[in-house]
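Asker: Provided below: final-v5.txt, containing compact mmCIF, C-alpha atoms and all ligand atoms.
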# COMPACT_ATOMS: atom_id res chain seq x y z
CA MET A 1160 -4.19 -11.53 -25.88
CA PRO A 1161 -3.41 -15.01 -24.55
CA ALA A 1162 -5.42 -16.16 -21.53
CA CYS A 1163 -2.26 -16.29 -19.47
CA PHE A 1164 0.51 -13.74 -19.21
CA ALA A 1165 3.02 -16.43 -18.22
CA GLU A 1166 4.78 -18.81 -20.61
CA PRO A 1167 3.04 -22.20 -21.02
CA SER A 1168 5.99 -23.87 -19.26
CA THR A 1169 5.13 -21.99 -16.06
CA LYS A 1170 1.51 -23.21 -15.90
CA LEU A 1171 0.48 -23.29 -12.27
CA GLN A 1172 -1.03 -26.19 -10.40
CA LEU A 1173 -2.02 -24.84 -7.02
CA GLU A 1174 -1.92 -27.45 -4.29
CA ALA A 1175 -2.53 -25.54 -1.06
CA ILE A 1176 -2.89 -22.14 0.54
CA GLU A 1177 -1.22 -21.84 3.92
CA LEU A 1178 -2.14 -19.04 6.33
CA LEU A 1179 0.06 -17.85 9.14
CA GLU A 1180 -0.71 -15.06 11.59
CA ILE A 1181 2.22 -13.34 13.24
CA GLU A 1182 2.44 -10.53 15.76
CA MET A 1183 5.03 -7.81 15.13
CA PRO A 1184 5.77 -5.02 17.63
CA LEU A 1185 6.28 -1.63 15.92
CA LYS A 1186 9.54 0.13 16.93
CA SER A 1187 7.50 3.22 17.74
CA ALA A 1188 3.76 3.83 17.87
CA PHE A 1189 2.15 5.06 14.64
CA GLU A 1190 -0.74 7.50 14.96
CA THR A 1191 -3.27 8.32 12.25
CA SER A 1192 -6.59 10.18 12.40
CA PHE A 1193 -8.30 6.81 12.99
CA GLY A 1194 -6.11 5.43 15.77
CA ARG A 1195 -2.74 4.83 17.37
CA PHE A 1196 -0.95 1.51 16.82
CA SER A 1197 1.98 -0.04 18.64
CA LYS A 1198 1.92 -3.50 17.08
CA ARG A 1199 0.73 -5.16 13.92
CA ARG A 1200 -1.08 -8.49 13.64
CA VAL A 1201 -0.26 -9.72 10.14
CA VAL A 1202 -1.59 -12.60 8.07
CA ILE A 1203 1.00 -14.10 5.73
CA VAL A 1204 -0.14 -16.30 2.83
CA ARG A 1205 1.94 -19.05 1.27
CA ALA A 1206 0.69 -20.32 -2.10
CA ILE A 1207 2.07 -23.79 -2.74
CA ASP A 1208 2.32 -25.41 -6.17
CA LYS A 1209 2.28 -29.16 -6.97
CA SER A 1210 5.89 -28.71 -8.15
CA GLY A 1211 6.81 -27.85 -4.54
CA ALA A 1212 7.46 -24.17 -5.28
CA ALA A 1213 5.92 -21.58 -2.93
CA GLY A 1214 5.07 -17.87 -3.16
CA TYR A 1215 4.40 -15.32 -0.41
CA GLY A 1216 1.80 -12.61 0.03
CA GLU A 1217 0.83 -10.36 2.94
CA CYS A 1218 -2.64 -9.35 4.02
CA THR A 1219 -2.60 -5.61 4.72
CA ALA A 1220 -5.84 -5.58 6.73
CA MET A 1221 -5.32 -4.04 10.16
CA GLU A 1222 -6.38 -5.53 13.48
CA GLN A 1223 -9.61 -3.49 13.52
CA PRO A 1224 -11.83 -2.28 10.64
CA LEU A 1225 -10.77 1.39 10.98
CA TYR A 1226 -8.93 2.10 7.71
CA ASN A 1227 -11.55 0.22 5.70
CA HIS A 1228 -14.11 -2.51 6.44
CA GLU A 1229 -11.57 -5.35 6.58
CA SER A 1230 -9.68 -6.70 9.58
CA VAL A 1231 -7.28 -9.53 10.40
CA ASP A 1232 -10.19 -11.55 11.76
CA SER A 1233 -12.43 -10.93 8.74
CA ALA A 1234 -9.76 -11.74 6.16
CA TRP A 1235 -8.84 -15.16 7.55
CA PRO A 1236 -12.23 -16.91 7.11
CA VAL A 1237 -12.83 -15.12 3.79
CA ILE A 1238 -9.59 -16.67 2.50
CA THR A 1239 -10.19 -20.16 3.86
CA GLY A 1240 -13.97 -20.32 3.32
CA SER A 1241 -14.53 -18.31 0.12
CA ILE A 1242 -11.33 -17.51 -1.80
CA VAL A 1243 -9.66 -20.92 -1.75
CA PRO A 1244 -12.82 -22.89 -2.69
CA ILE A 1245 -13.44 -20.53 -5.64
CA LEU A 1246 -9.83 -20.85 -6.83
CA SER A 1247 -10.06 -24.60 -6.47
CA ASP A 1248 -13.15 -24.77 -8.69
CA ALA A 1249 -11.64 -22.34 -11.18
CA ASN A 1250 -8.59 -24.52 -11.82
CA ILE A 1251 -6.22 -21.56 -11.89
CA SER A 1252 -3.33 -21.94 -14.33
CA CYS A 1253 -1.79 -18.47 -14.09
CA ALA A 1254 -1.59 -15.53 -11.69
CA GLU A 1255 -3.48 -13.26 -14.08
CA ASP A 1256 -6.58 -15.47 -13.66
CA VAL A 1257 -6.79 -15.16 -9.87
CA GLY A 1258 -8.37 -11.69 -9.72
CA ARG A 1259 -10.83 -12.58 -12.49
CA ALA A 1260 -11.89 -15.80 -10.75
CA LEU A 1261 -12.44 -13.93 -7.48
CA ALA A 1262 -14.41 -11.04 -9.04
CA PRO A 1263 -17.77 -12.42 -7.74
CA ILE A 1264 -16.62 -11.75 -4.14
CA ARG A 1265 -17.86 -8.35 -2.94
CA GLY A 1266 -15.24 -6.16 -1.27
CA ASN A 1267 -12.70 -8.04 0.88
CA ARG A 1268 -9.95 -6.97 -1.50
CA MET A 1269 -7.20 -7.16 1.13
CA ALA A 1270 -8.06 -10.83 1.67
CA ILE A 1271 -8.04 -11.34 -2.11
CA ALA A 1272 -4.77 -9.44 -2.61
CA ALA A 1273 -3.01 -11.49 0.06
CA VAL A 1274 -3.64 -14.61 -2.04
CA GLU A 1275 -3.33 -12.97 -5.47
CA THR A 1276 0.07 -11.45 -4.72
CA ALA A 1277 1.31 -14.78 -3.29
CA VAL A 1278 0.34 -16.48 -6.56
CA TRP A 1279 2.20 -13.80 -8.57
CA ASP A 1280 5.31 -14.44 -6.45
CA LEU A 1281 4.87 -18.17 -7.00
CA GLU A 1282 4.45 -17.82 -10.76
CA SER A 1283 7.48 -15.57 -11.16
CA ARG A 1284 9.60 -17.94 -9.06
CA ILE A 1285 8.55 -20.88 -11.25
CA ALA A 1286 9.38 -18.78 -14.33
CA GLY A 1287 12.76 -17.96 -12.73
CA LYS A 1288 12.15 -14.20 -13.13
CA PRO A 1289 12.04 -11.31 -10.68
CA LEU A 1290 8.42 -10.45 -9.92
CA TRP A 1291 8.88 -6.82 -11.00
CA SER A 1292 9.93 -7.78 -14.53
CA HIS A 1293 7.30 -10.54 -14.69
CA LEU A 1294 4.67 -7.84 -14.01
CA GLY A 1295 6.08 -5.67 -16.82
CA GLY A 1296 7.92 -3.22 -14.58
CA THR A 1297 10.42 -0.83 -16.16
CA ILE A 1298 11.68 1.34 -13.28
CA GLU A 1299 14.75 -0.39 -11.82
CA GLU A 1300 15.37 2.11 -9.04
CA ILE A 1301 12.29 3.31 -7.21
CA GLU A 1302 11.97 6.60 -5.30
CA CYS A 1303 11.12 6.41 -1.62
CA GLY A 1304 9.12 8.69 0.64
CA VAL A 1305 8.08 8.36 4.27
CA SER A 1306 4.82 8.66 6.13
CA ILE A 1307 5.19 10.22 9.59
CA GLY A 1308 2.45 9.63 12.14
CA ILE A 1309 0.81 12.39 14.18
CA GLN A 1310 3.35 13.67 16.75
CA SER A 1311 2.84 15.19 20.18
CA SER A 1312 4.08 18.65 19.18
CA PRO A 1313 5.34 20.61 16.15
CA GLU A 1314 8.87 20.51 17.63
CA VAL A 1315 8.90 16.71 17.85
CA LEU A 1316 7.53 16.47 14.31
CA VAL A 1317 10.21 18.81 12.91
CA GLU A 1318 12.86 16.57 14.57
CA ARG A 1319 11.37 13.48 12.92
CA VAL A 1320 11.25 15.17 9.52
CA ALA A 1321 14.91 16.24 9.87
CA THR A 1322 15.93 12.62 10.58
CA GLU A 1323 14.12 11.30 7.51
CA ILE A 1324 15.51 13.98 5.20
CA ALA A 1325 19.01 13.23 6.49
CA ALA A 1326 18.38 9.55 5.66
CA GLY A 1327 17.73 10.59 2.03
CA TYR A 1328 13.96 10.22 1.70
CA ARG A 1329 12.63 12.19 -1.23
CA ARG A 1330 9.13 13.06 -0.04
CA ILE A 1331 7.78 13.64 3.44
CA LYS A 1332 4.15 12.96 4.24
CA ILE A 1333 2.70 13.93 7.58
CA LYS A 1334 -0.52 12.64 9.05
CA ILE A 1335 -3.10 15.21 10.12
CA LYS A 1336 -6.49 15.25 11.87
CA PRO A 1337 -8.85 18.00 13.03
CA GLY A 1338 -7.03 20.06 15.69
CA LYS A 1339 -3.65 18.60 14.68
CA ASP A 1340 -3.17 20.10 11.26
CA ILE A 1341 -2.22 23.71 10.44
CA ARG A 1342 0.24 24.13 13.30
CA LEU A 1343 2.10 20.95 12.35
CA VAL A 1344 2.25 21.76 8.65
CA GLU A 1345 3.30 25.34 9.33
CA ALA A 1346 6.19 24.26 11.57
CA VAL A 1347 7.53 21.75 9.04
CA ARG A 1348 7.18 24.19 6.14
CA ARG A 1349 8.94 26.96 8.01
CA GLU A 1350 11.91 24.70 8.76
CA PHE A 1351 11.98 23.02 5.31
CA PRO A 1352 10.71 25.49 2.69
CA ASP A 1353 11.76 23.41 -0.36
CA ILE A 1354 11.02 19.75 0.39
CA LEU A 1355 8.32 17.71 -1.33
CA LEU A 1356 5.74 17.73 1.46
CA SER A 1357 2.27 16.27 1.63
CA VAL A 1358 -0.41 15.61 4.23
CA ASP A 1359 -2.71 12.62 4.75
CA ALA A 1360 -6.00 13.01 6.64
CA ASN A 1361 -7.33 9.45 6.25
CA SER A 1362 -10.89 10.73 5.68
CA ALA A 1363 -11.02 12.77 8.90
CA TYR A 1364 -12.72 15.95 7.60
CA GLU A 1365 -16.13 17.11 6.40
CA LEU A 1366 -16.11 19.55 3.49
CA GLU A 1367 -18.46 22.11 5.07
CA ALA A 1368 -17.26 21.81 8.65
CA SER A 1369 -13.72 22.92 7.82
CA ASN A 1370 -14.16 25.81 5.43
CA GLY A 1371 -11.21 27.92 6.54
CA LEU A 1372 -8.82 24.99 6.73
CA TRP A 1373 -8.65 24.30 2.99
CA ARG A 1374 -7.55 27.80 2.04
CA GLU A 1375 -4.96 27.75 4.83
CA LEU A 1376 -3.55 24.39 3.76
CA ASP A 1377 -3.46 25.69 0.20
CA GLN A 1378 -0.80 28.26 1.20
CA PHE A 1379 1.93 25.74 2.02
CA GLY A 1380 2.85 24.57 -1.48
CA LEU A 1381 2.00 20.97 -0.64
CA LEU A 1382 2.58 18.27 -3.23
CA MET A 1383 -0.86 16.89 -2.37
CA ILE A 1384 -3.57 16.54 0.26
CA GLU A 1385 -4.30 12.83 0.63
CA GLN A 1386 -7.84 11.59 1.30
CA PRO A 1387 -9.25 14.61 3.18
CA LEU A 1388 -12.88 13.40 3.08
CA ALA A 1389 -14.87 10.18 3.39
CA ALA A 1390 -13.95 7.26 1.14
CA GLY A 1391 -17.29 7.14 -0.70
CA ASP A 1392 -17.52 10.89 -1.16
CA LEU A 1393 -16.21 11.59 -4.68
CA LEU A 1394 -18.71 14.45 -5.05
CA ASP A 1395 -17.35 16.51 -2.16
CA HIS A 1396 -13.76 15.72 -3.17
CA ALA A 1397 -14.59 17.17 -6.60
CA LYS A 1398 -16.08 20.29 -4.98
CA LEU A 1399 -13.00 20.65 -2.79
CA GLN A 1400 -10.61 20.20 -5.73
CA LEU A 1401 -12.39 23.12 -7.45
CA MET A 1402 -11.77 25.32 -4.38
CA ILE A 1403 -8.01 24.71 -3.97
CA ASP A 1404 -4.87 24.67 -6.10
CA THR A 1405 -3.18 21.84 -4.16
CA PRO A 1406 -3.78 18.50 -5.88
CA ILE A 1407 -6.04 16.07 -4.01
CA CYS A 1408 -4.74 12.49 -3.89
CA LEU A 1409 -7.23 9.70 -3.26
CA ASP A 1410 -6.28 6.64 -1.19
CA GLU A 1411 -9.29 5.04 0.59
CA SER A 1412 -11.68 6.09 -2.23
CA ILE A 1413 -9.96 3.99 -4.91
CA THR A 1414 -10.77 0.28 -4.61
CA SER A 1415 -11.01 -0.61 -8.31
CA VAL A 1416 -10.40 0.52 -11.87
CA ARG A 1417 -14.01 1.70 -11.90
CA ASP A 1418 -13.44 3.93 -8.85
CA ALA A 1419 -10.32 5.34 -10.50
CA ARG A 1420 -12.14 6.08 -13.75
CA GLN A 1421 -15.01 7.80 -11.96
CA ALA A 1422 -12.74 9.83 -9.68
CA ILE A 1423 -10.71 11.03 -12.67
CA GLU A 1424 -13.81 11.82 -14.74
CA LEU A 1425 -15.38 13.76 -11.84
CA GLU A 1426 -12.06 15.58 -11.25
CA ALA A 1427 -12.22 14.47 -7.61
CA CYS A 1428 -8.41 14.06 -7.58
CA ARG A 1429 -5.28 14.84 -9.58
CA ILE A 1430 -3.12 12.08 -8.05
CA ILE A 1431 -3.87 8.48 -7.06
CA ASN A 1432 -2.28 6.35 -4.33
CA ILE A 1433 -2.41 2.65 -5.23
CA LYS A 1434 -2.26 0.00 -2.53
CA LEU A 1435 -2.17 -3.66 -3.54
CA GLY A 1436 -4.46 -4.66 -0.67
CA ARG A 1437 -7.08 -1.98 -1.24
CA VAL A 1438 -7.49 -2.81 -4.95
CA GLY A 1439 -7.23 -6.62 -4.77
CA GLY A 1440 -3.72 -7.27 -6.04
CA HIS A 1441 -1.28 -6.81 -8.90
CA ALA A 1442 -3.60 -7.28 -11.87
CA ALA A 1443 -5.97 -4.54 -10.64
CA ALA A 1444 -3.10 -2.26 -9.61
CA ARG A 1445 -1.56 -2.61 -13.06
CA GLU A 1446 -4.84 -1.69 -14.76
CA ILE A 1447 -5.33 1.37 -12.53
CA GLN A 1448 -1.83 2.72 -13.16
CA TYR A 1449 -2.33 2.17 -16.91
CA LEU A 1450 -5.62 4.10 -16.90
CA ALA A 1451 -4.13 6.87 -14.76
CA ALA A 1452 -1.11 7.24 -17.06
CA GLU A 1453 -3.47 7.56 -20.03
CA LYS A 1454 -5.28 10.40 -18.23
CA ASN A 1455 -2.06 12.12 -17.06
CA ILE A 1456 -2.76 11.31 -13.42
CA PRO A 1457 0.47 10.45 -11.53
CA VAL A 1458 0.28 7.44 -9.20
CA TRP A 1459 2.41 6.28 -6.29
CA CYS A 1460 2.59 3.22 -4.08
CA GLY A 1461 0.91 3.52 -0.69
CA GLY A 1462 1.90 1.56 2.42
CA MET A 1463 0.06 -0.18 5.26
CA LEU A 1464 2.93 -0.67 7.72
CA GLU A 1465 3.87 -3.88 5.92
CA THR A 1466 6.46 -6.44 6.93
CA GLY A 1467 9.19 -7.28 4.43
CA ILE A 1468 6.92 -9.53 2.35
CA GLY A 1469 4.37 -6.77 1.72
CA ARG A 1470 7.19 -4.27 1.22
CA ALA A 1471 8.84 -6.49 -1.42
CA GLN A 1472 5.46 -6.84 -3.18
CA ASN A 1473 5.13 -3.02 -3.09
CA ILE A 1474 8.60 -2.60 -4.60
CA ALA A 1475 7.62 -4.85 -7.51
CA MET A 1476 4.42 -2.87 -8.16
CA SER A 1477 6.28 0.45 -7.95
CA THR A 1478 8.37 -0.47 -11.02
CA LEU A 1479 5.35 -0.13 -13.36
CA PRO A 1480 5.71 2.89 -15.64
CA GLY A 1481 2.81 4.93 -14.20
CA PHE A 1482 4.46 5.16 -10.76
CA THR A 1483 6.05 8.57 -11.23
CA LEU A 1484 5.94 9.92 -7.65
CA PRO A 1485 7.89 8.65 -4.61
CA GLY A 1486 5.89 6.03 -2.69
CA ASP A 1487 5.42 5.15 0.98
CA VAL A 1488 7.96 2.35 0.50
CA SER A 1489 10.56 2.83 3.19
CA ALA A 1490 13.19 0.72 4.92
CA SER A 1491 12.34 -2.26 7.16
CA GLU A 1492 14.29 -0.63 9.99
CA ARG A 1493 11.84 2.28 10.24
CA TYR A 1494 9.20 -0.14 11.56
CA TRP A 1495 10.78 -3.41 12.67
CA ALA A 1496 13.62 -4.35 14.98
CA GLU A 1497 13.75 -7.65 13.08
CA ASP A 1498 12.00 -8.05 9.72
CA ILE A 1499 10.77 -11.36 8.31
CA VAL A 1500 12.84 -11.10 5.12
CA ASP A 1501 16.55 -11.45 4.53
CA PRO A 1502 18.16 -9.14 3.67
CA PRO A 1503 15.87 -6.51 5.22
CA ILE A 1504 14.69 -3.79 2.85
CA ILE A 1505 17.18 -0.96 2.75
CA VAL A 1506 17.00 2.47 1.18
CA SER A 1507 20.08 4.07 -0.39
CA PRO A 1508 21.43 7.41 0.91
CA ALA A 1509 19.88 8.88 -2.25
CA GLY A 1510 16.43 7.77 -1.07
CA THR A 1511 15.94 4.94 -3.54
CA ILE A 1512 15.55 1.17 -3.60
CA ARG A 1513 17.19 -0.83 -6.39
CA VAL A 1514 15.06 -3.74 -7.59
CA PRO A 1515 16.27 -7.25 -6.75
CA ASP A 1516 17.76 -9.57 -9.43
CA SER A 1517 16.58 -12.88 -8.01
CA ALA A 1518 13.34 -14.67 -8.85
CA GLY A 1519 9.99 -13.78 -7.26
CA ILE A 1520 9.77 -11.00 -4.70
CA GLY A 1521 13.56 -11.24 -4.49
CA PHE A 1522 13.93 -11.41 -0.72
CA ALA A 1523 14.30 -14.65 1.25
CA VAL A 1524 11.63 -15.27 3.89
CA ARG A 1525 12.98 -15.94 7.37
CA ASN A 1526 11.15 -19.02 8.59
CA ASP A 1527 12.87 -18.75 11.98
CA VAL A 1528 11.22 -15.38 12.63
CA LEU A 1529 7.87 -16.55 11.25
CA LYS A 1530 7.96 -19.51 13.57
CA ALA A 1531 8.95 -17.48 16.61
CA ARG A 1532 6.17 -14.94 15.99
CA SER A 1533 3.48 -17.39 14.90
CA ALA A 1534 0.07 -17.01 16.58
CA ARG A 1535 -1.94 -19.48 14.44
CA THR A 1536 -1.68 -21.37 11.15
CA GLU A 1537 -4.11 -23.09 8.82
CA THR A 1538 -3.60 -24.98 5.57
CA VAL A 1539 -6.38 -25.38 3.00
CA LEU A 1540 -5.93 -27.82 0.13
CA LEU A 1541 -7.23 -26.95 -3.33
O1 LIG B 1601 -3.25 6.12 4.71
O2 LIG B 1601 -1.39 5.72 3.84
C1 LIG B 1601 -2.19 5.52 4.74
C2 LIG B 1601 -0.64 3.29 7.45
C3 LIG B 1601 -1.75 2.56 7.82
C4 LIG B 1601 -2.95 2.81 7.23
C5 LIG B 1601 -3.08 3.79 6.25
C6 LIG B 1601 -1.98 4.53 5.86
C7 LIG B 1601 -0.74 4.29 6.49
C8 LIG B 1601 0.47 5.05 6.21
C9 LIG B 1601 1.78 4.35 6.45
O3 LIG B 1601 0.47 6.21 5.87
C10 LIG B 1601 2.56 4.13 5.22
C11 LIG B 1601 3.69 3.15 5.45
O4 LIG B 1601 3.46 1.93 5.43
O5 LIG B 1601 4.82 3.61 5.61
MG MG B 1602 -3.31 7.36 3.00
Hey, can you dump this file as structure tokens for me?
Ligand code: OSB
Ligand code: MG

Answerer:
Amino acid sequence: MPACFAEPSTKLQLEAIELLEIEMPLKSAFETSFGRFSKRRVVIVRAIDKSGAAGYGECTAMEQPLYNHESVDSAWPVITGSIVPILSDANISCAEDVGRALAPIRGNRMAIAAVETAVWDLESRIAGKPLWSHLGGTIEEIECGVSIGIQSSPEVLVERVATEIAAGYRRIKIKIKPGKDIRLVEAVRREFPDILLSVDANSAYELEASNGLWRELDQFGLLMIEQPLAAGDLLDHAKLQLMIDTPICLDESITSVRDARQAIELEACRIINIKLGRVGGHAAAREIQYLAAEKNIPVWCGGMLETGIGRAQNIAMSTLPGFTLPGDVSASERYWAEDIVDPPIIVSPAGTIRVPDSAGIGFAVRNDVLKARSARTETVLL
């Protein structure tokens, strides 16, 4: 295997990493078991090459460390003070090398992924190829699902589900938390007996404390139960998987290829959700989906309420052959009145997104919107 995946003619010479924080109001509040959010603070990374070319990545860390340990305000100094100096010393010549060079950094994978994915965009633009094909993607039309936040009542939730099904989405996922679970699932299942339906608890339950719940949830023919228990708790996920027929899908628990291997070996899950930010970028995501495919574990692309840049990166990842279930990759208009890419990401009436033909992430970045929404910027030279 050559050291670099890219052709020698596309050898990178990184000149600078530019950070930009923007604030984006969500069209409607999004509620999970760990909090309710009405806006997103987002860090955008621009990786600039000596040739003048630039690539874009998005940091998926949230404002507060509630989904995982990272936050907007932890990622920024990790990028400027740790990631860029290491990349500078490593003399990076291809995107594939970025993750390897940054392996000494503990955790902070969302900070790493923001930079790593920007460098992949940059490299594929220099090579004049769409990012998805540069990564080795094969699926040219990806299947889309939606994630629906916790709603005030079963009736309101059923309305929301009806809207998304009418829009063509192929899988509905609803968020649950203790006290807001069975009644919601029951209402949706009664109204829509045949849809692909799953639930996501974002680690809100304890195995022992909710004994009756698992058997009840098991009656609804769910496609999966996503991350019911704590992120580090593979043991209890394995015990739970033995108790129920519904496949467990792990999200928060999977931060690396090692986590994926151990979860699969322990039979703690039968499905894996891959998020670029959580695993540290495209190289790691590609390895995880390869391992999962080998072990007959379907994977799908998770979402973190991304703007168009993160969404476009997710589309590229979703074209890899292991991504056999619909992902949380939905249209820009579900979240943003005005997205930062042009055209915005749209989903066909059949619930799919066709991959772009142009180089890199394949969507133009709207500098006017970035400028208008800018809260702070910083440029670090390599
Ligand atoms: O667990 O998948 C999750 C949003 C924020 C944090 C965690 C999650 C989510 C979602 C939204 O479910 C998925 C999306 O971006 O549409
Ligand atoms: Mg999840």

Asker: Report, in Å with one decimal, the straight-line distance from atom O4 of ligand LIG 1601 (chain B) to CA of Ser1306 (chain A).

Answerer: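 Going from atom O4 of ligand LIG 1601 (chain B) over to CA of Ser1306 (chain A), I get 6.9 Å.
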
Asker: Using all atoms listed in the file, which residue out of A:Arg1265, A:Val1539, A:Leu1479, A:Ala1206 lies closest to Ala1442 (chain A)?

Answerer: A:Leu1479

Asker: Please identify every residue of chain A that has at least one atom no farther than 6 Å from an atom of ligand LIG 1601 (chain B), counting only C-alpha atoms and all ligand atoms, and for each give the shortest atom pair and the distance in Å to one decimal, arranged by chain then increasing number, as a Markdown table.

Answerer:
| residue | atom | partner | partner_atom | distance |
| --- | --- | --- | --- | --- |
| A:Val1305 | CA | B:LIG1601 | O5 | 5.9 |
| A:Ser1306 | CA | B:LIG1601 | O3 | 5.0 |
| A:Asn1361 | CA | B:LIG1601 | O1 | 5.5 |
| A:Gly1461 | CA | B:LIG1601 | O2 | 5.5 |
| A:Gly1462 | CA | B:LIG1601 | O4 | 3.4 |
| A:Met1463 | CA | B:LIG1601 | O4 | 4.0 |
| A:Leu1464 | CA | B:LIG1601 | O4 | 3.5 |
| A:Glu1465 | CA | B:LIG1601 | O4 | 5.8 |
| A:Asp1487 | CA | B:LIG1601 | O5 | 4.9 |

Asker: For the contact check between chain A and ligand MG 1602 (chain B), emit one row per residue of chain A within 9 Å, containing the shortest atom pair and the distance in Å rounded to one decimal, counting only C-alpha atoms and all ligand atoms, chain then rising number order, as CSV.

Answerer:
residue,atom,partner,partner_atom,distance
A:Ser1306,CA,B:MG1602,MG,8.8
A:Lys1334,CA,B:MG1602,MG,8.5
A:Val1358,CA,B:MG1602,MG,8.8
A:Asp1359,CA,B:MG1602,MG,5.6
A:Ala1360,CA,B:MG1602,MG,7.2
A:Asn1361,CA,B:MG1602,MG,5.6
A:Ser1362,CA,B:MG1602,MG,8.7
A:Glu1385,CA,B:MG1602,MG,6.0
A:Gln1386,CA,B:MG1602,MG,6.4
A:Cys1408,CA,B:MG1602,MG,8.7
A:Leu1409,CA,B:MG1602,MG,7.7
A:Asp1410,CA,B:MG1602,MG,5.2
A:Glu1411,CA,B:MG1602,MG,6.9
A:Asn1432,CA,B:MG1602,MG,7.5
A:Gly1461,CA,B:MG1602,MG,6.8
A:Gly1462,CA,B:MG1602,MG,7.8
A:Met1463,CA,B:MG1602,MG,8.6

Asker: Using all atoms listed in the file, which residue out of A:Ile1354, A:Leu1246, A:Ala1534, A:Val1320 lies closest to Ile1181 (chain A)?

Answerer: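 So, comparing all the options, the nearest one is A:Ala1534.
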
Asker: Nearest to Ala1220 (chain A): which of A:Glu1180, A:Asp1377, A:Asp1404, A:Asp1498 is it, counting only C-alpha atoms?

Answerer: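 Looking at the shortest contact to Ala1220 (chain A), the residue is A:Glu1180.
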
Asker: Using all atoms listed in the file, find the one residue out of A:Thr1239, A:Ser1247, A:Asn1526, A:Thr1297 that sits nearest to Ile1271 (chain A).

Answerer: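 Once distances to Ile1271 (chain A) are computed over all atoms listed in the file, the minimum belongs to A:Thr1239.
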
Asker: Counting only C-alpha atoms, which residues in region 1474-1516 of chain A sit no more than 10 Å from region 1287-1295 of chain A? For each one, give the nearest pair of atoms and the distance in Å, sorted by chain then residue number, as CSV.

Answerer:
residue,atom,partner,partner_atom,distance
A:Ile1474,CA,A:Trp1291,CA,7.7
A:Ala1475,CA,A:Trp1291,CA,4.2
A:Met1476,CA,A:Trp1291,CA,6.6
A:Ser1477,CA,A:Trp1291,CA,8.3
A:Thr1478,CA,A:Trp1291,CA,6.4
A:Leu1479,CA,A:Gly1295,CA,6.6
A:Pro1480,CA,A:Gly1295,CA,8.6
A:Val1514,CA,A:Trp1291,CA,7.7
A:Pro1515,CA,A:Pro1289,CA,7.1
A:Asp1516,CA,A:Pro1289,CA,6.1

Asker: Keeping only C-alpha atoms, write the selected residues to a file as an mmCIF file, in the frame of the given file.

Answerer:
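Output file again.cif follows:
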data_model
loop_
_atom_site.group_PDB
_atom_site.id
_atom_site.type_symbol
_atom_site.label_atom_id
_atom_site.label_comp_id
_atom_site.auth_asym_id
_atom_site.auth_seq_id
_atom_site.Cartn_x
_atom_site.Cartn_y
_atom_site.Cartn_z
ATOM 1 C CA ILE A 1474 8.600 -2.600 -4.600
ATOM 2 C CA ALA A 1475 7.620 -4.850 -7.510
ATOM 3 C CA MET A 1476 4.420 -2.870 -8.160
ATOM 4 C CA SER A 1477 6.280 0.450 -7.950
ATOM 5 C CA THR A 1478 8.370 -0.470 -11.020
ATOM 6 C CA LEU A 1479 5.350 -0.130 -13.360
ATOM 7 C CA PRO A 1480 5.710 2.890 -15.640
ATOM 8 C CA VAL A 1514 15.060 -3.740 -7.590
ATOM 9 C CA PRO A 1515 16.270 -7.250 -6.750
ATOM 10 C CA ASP A 1516 17.760 -9.570 -9.430
#

Asker: Find the distance between CA of Ser1312 (chain A) and CA of Arg1493 (chain A) and write it in Å to one decimal.

Answerer: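 Atom-to-atom, CA of Ser1312 (chain A) to CA of Arg1493 (chain A), that is 20.2 Å.
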
Asker: With all atoms listed in the file as the basis for distance, which of A:Asp1248, A:Glu1229, A:Glu1365, A:Glu1426 is at the shortest distance from Lys1336 (chain A)?

Answerer: A:Glu1365

Asker: Would you mind listing what lies within 9 Å of Ala1427 (chain A) as a ChimeraX atom specification, with only C-alpha atoms counted and same-chain residues fewer than 5 positions away left out?

Answerer: /A:1393-1401,1407-1409,1421-1422

Asker: For a quick check of understanding, using all atoms listed in the file, which of A:His1441, A:Arg1535, A:Arg1330, A:Arg1349 has the smallest distance to Val1274 (chain A)?

Answerer: A:His1441

Asker: Env of Pro1244 (chain A): 12 Å cut, atoms = only C-alpha atoms, seq-sep filter 2 positions within chain, self excluded. Answer as a VMD selection string.

Answerer: chain A and resid 1173 to 1176 1236 to 1242 1246 to 1251 1260 to 1261 1264 1539 to 1541

Asker: Print the selection's residues with C-alpha atoms to a file, as a compact mmCIF listing (two decimals), in the frame of the given file.

Answerer:
# COMPACT_ATOMS: atom_id res chain seq x y z
CA LEU A 1173 -2.02 -24.84 -7.02
CA GLU A 1174 -1.92 -27.45 -4.29
CA ALA A 1175 -2.53 -25.54 -1.06
CA ILE A 1176 -2.89 -22.14 0.54
CA PRO A 1236 -12.23 -16.91 7.11
CA VAL A 1237 -12.83 -15.12 3.79
CA ILE A 1238 -9.59 -16.67 2.50
CA THR A 1239 -10.19 -20.16 3.86
CA GLY A 1240 -13.97 -20.32 3.32
CA SER A 1241 -14.53 -18.31 0.12
CA ILE A 1242 -11.33 -17.51 -1.80
CA LEU A 1246 -9.83 -20.85 -6.83
CA SER A 1247 -10.06 -24.60 -6.47
CA ASP A 1248 -13.15 -24.77 -8.69
CA ALA A 1249 -11.64 -22.34 -11.18
CA ASN A 1250 -8.59 -24.52 -11.82
CA ILE A 1251 -6.22 -21.56 -11.89
CA ALA A 1260 -11.89 -15.80 -10.75
CA LEU A 1261 -12.44 -13.93 -7.48
CA ILE A 1264 -16.62 -11.75 -4.14
CA VAL A 1539 -6.38 -25.38 3.00
CA LEU A 1540 -5.93 -27.82 0.13
CA LEU A 1541 -7.23 -26.95 -3.33
